[in-house]
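So this block is query_4.txt, compact mmCIF, C-alpha atoms:
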# COMPACT_ATOMS: atom_id res chain seq x y z
CA MET Z 1 -5.55 9.45 -18.60
CA PHE Z 2 -5.39 8.01 -15.08
CA GLY Z 3 -6.36 10.15 -12.10
CA ILE Z 4 -3.98 10.52 -9.17
CA ASP Z 5 -5.52 7.64 -7.21
CA GLU Z 6 -5.29 5.25 -10.14
CA ARG Z 7 -1.69 6.30 -10.91
CA ILE Z 8 -0.71 5.58 -7.30
CA ARG Z 9 -2.47 2.20 -7.34
CA GLU Z 10 -0.71 1.35 -10.61
CA ALA Z 11 2.65 2.14 -8.95
CA PHE Z 12 1.65 -0.16 -6.08
CA ARG Z 13 0.72 -2.98 -8.50
CA GLU Z 14 4.06 -2.67 -10.28
CA ILE Z 15 6.17 -2.86 -7.11
CA LYS Z 16 4.20 -5.92 -5.99
CA VAL Z 17 5.17 -7.62 -9.27
CA ASP Z 18 8.84 -6.62 -8.82
CA VAL Z 19 9.00 -7.62 -5.14
CA PRO Z 20 7.22 -10.86 -4.26
CA GLY Z 21 6.15 -10.98 -0.64
CA ILE Z 22 4.52 -7.55 -0.38
CA LYS Z 23 1.18 -8.05 1.35
CA GLY Z 24 -0.09 -4.49 1.29
CA ILE Z 25 0.81 -0.85 0.76
CA VAL Z 26 -0.70 2.27 2.29
CA LEU Z 27 0.18 5.87 1.48
CA SER Z 28 -1.08 8.23 4.18
CA THR Z 29 -0.79 11.71 5.56
CA VAL Z 30 1.31 12.32 8.65
CA ASP Z 31 -2.00 12.90 10.43
CA GLY Z 32 -2.91 9.25 9.87
CA LEU Z 33 -5.40 9.58 7.02
CA PRO Z 34 -5.07 7.16 4.10
CA ILE Z 35 -4.37 8.74 0.71
CA ALA Z 36 -4.21 5.53 -1.34
CA SER Z 37 -3.94 1.84 -0.62
CA ASP Z 38 -4.08 -1.56 -2.25
CA ILE Z 39 -5.65 -3.06 0.88
CA LYS Z 40 -9.31 -3.89 0.30
CA SER Z 41 -10.52 -3.40 3.89
CA GLU Z 42 -11.10 0.29 4.54
CA GLU Z 43 -10.99 -0.39 8.28
CA LYS Z 44 -7.55 -1.99 7.97
CA GLN Z 45 -6.30 0.88 5.78
CA ASN Z 46 -7.41 3.36 8.43
CA ARG Z 47 -5.77 1.40 11.26
CA ILE Z 48 -2.48 1.05 9.38
CA ALA Z 49 -2.44 4.75 8.48
CA ALA Z 50 -3.13 5.79 12.08
CA MET Z 51 -0.57 3.42 13.63
CA VAL Z 52 2.13 4.33 11.12
CA SER Z 53 1.47 8.01 11.77
CA ALA Z 54 2.03 7.51 15.49
CA LEU Z 55 5.15 5.43 14.84
CA ILE Z 56 6.67 8.04 12.54
CA SER Z 57 5.76 10.89 14.88
CA LEU Z 58 7.61 9.30 17.79
CA SER Z 59 10.52 8.18 15.62
CA LYS Z 60 10.97 11.74 14.29
CA LYS Z 61 11.66 12.80 17.89
CA VAL Z 62 13.95 9.87 18.69
CA ALA Z 63 16.31 10.15 15.69
CA PRO Z 64 17.62 13.68 16.40
CA GLU Z 65 17.74 12.97 20.13
CA LEU Z 66 20.14 10.11 19.43
CA ASP Z 67 22.20 12.25 17.03
CA VAL Z 68 21.46 10.17 13.93
CA GLY Z 69 19.95 13.01 11.90
CA ASN Z 70 16.52 13.38 10.36
CA LEU Z 71 14.27 10.36 9.99
CA ASP Z 72 14.05 8.62 6.60
CA SER Z 73 12.40 5.33 7.48
CA VAL Z 74 11.33 2.97 10.26
CA ASN Z 75 11.38 -0.80 9.90
CA ILE Z 76 9.67 -3.37 12.09
CA GLU Z 77 10.45 -7.07 12.01
CA ALA Z 78 7.96 -9.47 13.57
CA GLU Z 79 7.51 -13.23 13.65
CA GLU Z 80 5.35 -13.41 10.55
CA GLY Z 81 6.29 -10.33 8.58
CA LYS Z 82 7.89 -6.94 8.28
CA ILE Z 83 6.68 -3.37 8.00
CA PHE Z 84 8.67 -0.70 6.24
CA CYS Z 85 7.65 2.95 6.73
CA TYR Z 86 9.14 5.77 4.67
CA VAL Z 87 8.70 9.52 5.04
CA LEU Z 88 8.05 11.24 1.70
CA SER Z 89 8.60 14.98 1.58
CA GLY Z 90 8.00 17.26 -1.33
CA ASP Z 91 9.43 20.72 -1.77
CA ASP Z 92 6.87 21.89 0.78
CA ILE Z 93 8.25 20.22 3.92
CA SER Z 94 5.02 21.01 5.78
CA SER Z 95 3.09 18.33 3.89
CA PRO Z 96 5.00 15.04 4.04
CA SER Z 97 3.38 11.67 3.43
CA ILE Z 98 4.10 8.23 4.83
CA LEU Z 99 4.51 5.11 2.73
CA ALA Z 100 3.92 1.86 4.63
CA ILE Z 101 4.76 -1.50 3.05
CA VAL Z 102 3.63 -4.67 4.84
CA THR Z 103 5.50 -7.82 3.80
CA SER Z 104 5.88 -11.50 4.49
CA GLN Z 105 8.83 -12.67 6.57
CA ASP Z 106 10.63 -14.21 3.57
CA LEU Z 107 10.70 -11.01 1.52
CA ASN Z 108 13.96 -10.39 -0.35
CA LEU Z 109 15.15 -7.23 1.42
CA GLY Z 110 17.81 -6.49 -1.21
CA ILE Z 111 15.23 -6.27 -3.99
CA LEU Z 112 12.96 -4.12 -1.85
CA ARG Z 113 15.80 -1.70 -1.09
CA MET Z 114 16.56 -1.38 -4.81
CA VAL Z 115 12.95 -0.78 -5.86
CA VAL Z 116 11.60 1.46 -3.08
CA PRO Z 117 13.60 4.59 -4.02
CA LYS Z 118 12.11 4.40 -7.53
CA LEU Z 119 8.61 3.99 -6.07
CA ILE Z 120 9.14 6.94 -3.75
CA GLY Z 121 10.36 9.09 -6.65
CA ARG Z 122 7.33 8.12 -8.69
CA LEU Z 123 4.92 8.83 -5.83
CA LYS Z 124 6.52 12.24 -5.26
CA GLU Z 125 5.99 13.08 -8.95
CA ILE Z 126 2.34 12.10 -8.64
CA ILE Z 127 1.42 13.79 -5.35
CA TYR Z 128 3.72 16.84 -5.09

Step by step, read the file and then write its structure as structure tokens.
Amino acid sequence: MFGIDERIREAFREIKVDVPGIKGIVLSTVDGLPIASDIKSEEKQNRIAAMVSALISLSKKVAPELDVGNLDSVNIEAEEGKIFCYVLSGDDISSPSILAIVTSQDLNLGILRMVVPKLIGRLKEIIY
């Protein structure tokens, strides 16, 4: 039987097969600590987790201020790629996680949008 870390990494491997163009995935705490990742460099995992934490923290304040409700996700589009950040909350709202997916520019966004809710559901089953 797989442990939690291996089950999460298996979920990451499967989405990368389903969605070509995913460069890396990091699941982290809202405090910016990596929980699991498919990125080999520990330094890069830590930087992504910390930056995504800051991004989500600020975005959680912006969304209600602009009367668009609670934050679900933040997306960044850059010259050479995209970053998709999702807030995962279990029944205990005090311990959400952040899922960050780094992609190439030519990623098929439609496929990603179809597959991510399933990944999020699976991750919630594993970690909550």

Counting only C-alpha atoms, which residues of region 2-52 of chain Z fall within 10 Å of region 70-91 of chain Z, and what is the closest atom pair for each with its distance in Å at one decimal, ordered by chain and rising number, as CSV?
residue,atom,partner,partner_atom,distance
Z:Gly21,CA,Z:Gly81,CA,9.2
Z:Ile22,CA,Z:Lys82,CA,9.3
Z:Lys23,CA,Z:Gly81,CA,9.1
Z:Gly24,CA,Z:Ile83,CA,9.6
Z:Ile25,CA,Z:Phe84,CA,9.6
Z:Val26,CA,Z:Cys85,CA,9.5
Z:Leu27,CA,Z:Tyr86,CA,9.5
Z:Ser28,CA,Z:Val87,CA,9.9
Z:Thr29,CA,Z:Leu88,CA,9.7
Z:Val30,CA,Z:Val87,CA,8.7
Z:Val52,CA,Z:Cys85,CA,7.2

For this session: Can you pull out every residue within 10 Å of region 44-50 of chain Z, counting only C-alpha atoms, but drop anything in the same chain fewer than 4 positions away, and send it as a ChimeraX atom specification?
Result: /Z:24-40,54-55,98-102

For this session: For CA of Ile126 (chain Z) and CA of Ser95 (chain Z), determine how far apart the two atoms are, in Å to one decimal place.
Result: 14.0 Å

For this session: Excluding region 7-10 of chain Z and residues on its chain fewer than 2 positions from it, collect all residues at most 7 Å away from it, counting only C-alpha atoms, and give them as a PyMOL selection string.
Result: chain Z and resi 2-5+12-14+36-38+123

Problem set entry | Gap from CA of Lys124 (chain Z) to CA of Asn108 (chain Z) - Å, one decimal |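 CA of Asn108 (chain Z) lies 24.3 Å from CA of Lys124 (chain Z).
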
For this session: Measuring atom to atom with only C-alpha atoms, identify which of Z:Glu6, Z:Val19, Z:Tyr128, Z:Ala63 is nearest to Pro96 (chain Z).
Result: Z:Tyr128

Problem set entry | 9 Å contact set for Ile111 (chain Z), all atoms listed in the file, chain neighbours under 4 positions out, as a ChimeraX atom specification | /Z:18-19,107,115-116

Exercise. Just how far from CA of Glu65 (chain Z) is CA of Leu119 (chain Z), in Å to one decimal?
Worked result: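 That distance, rounded to one decimal, is 29.2 Å.
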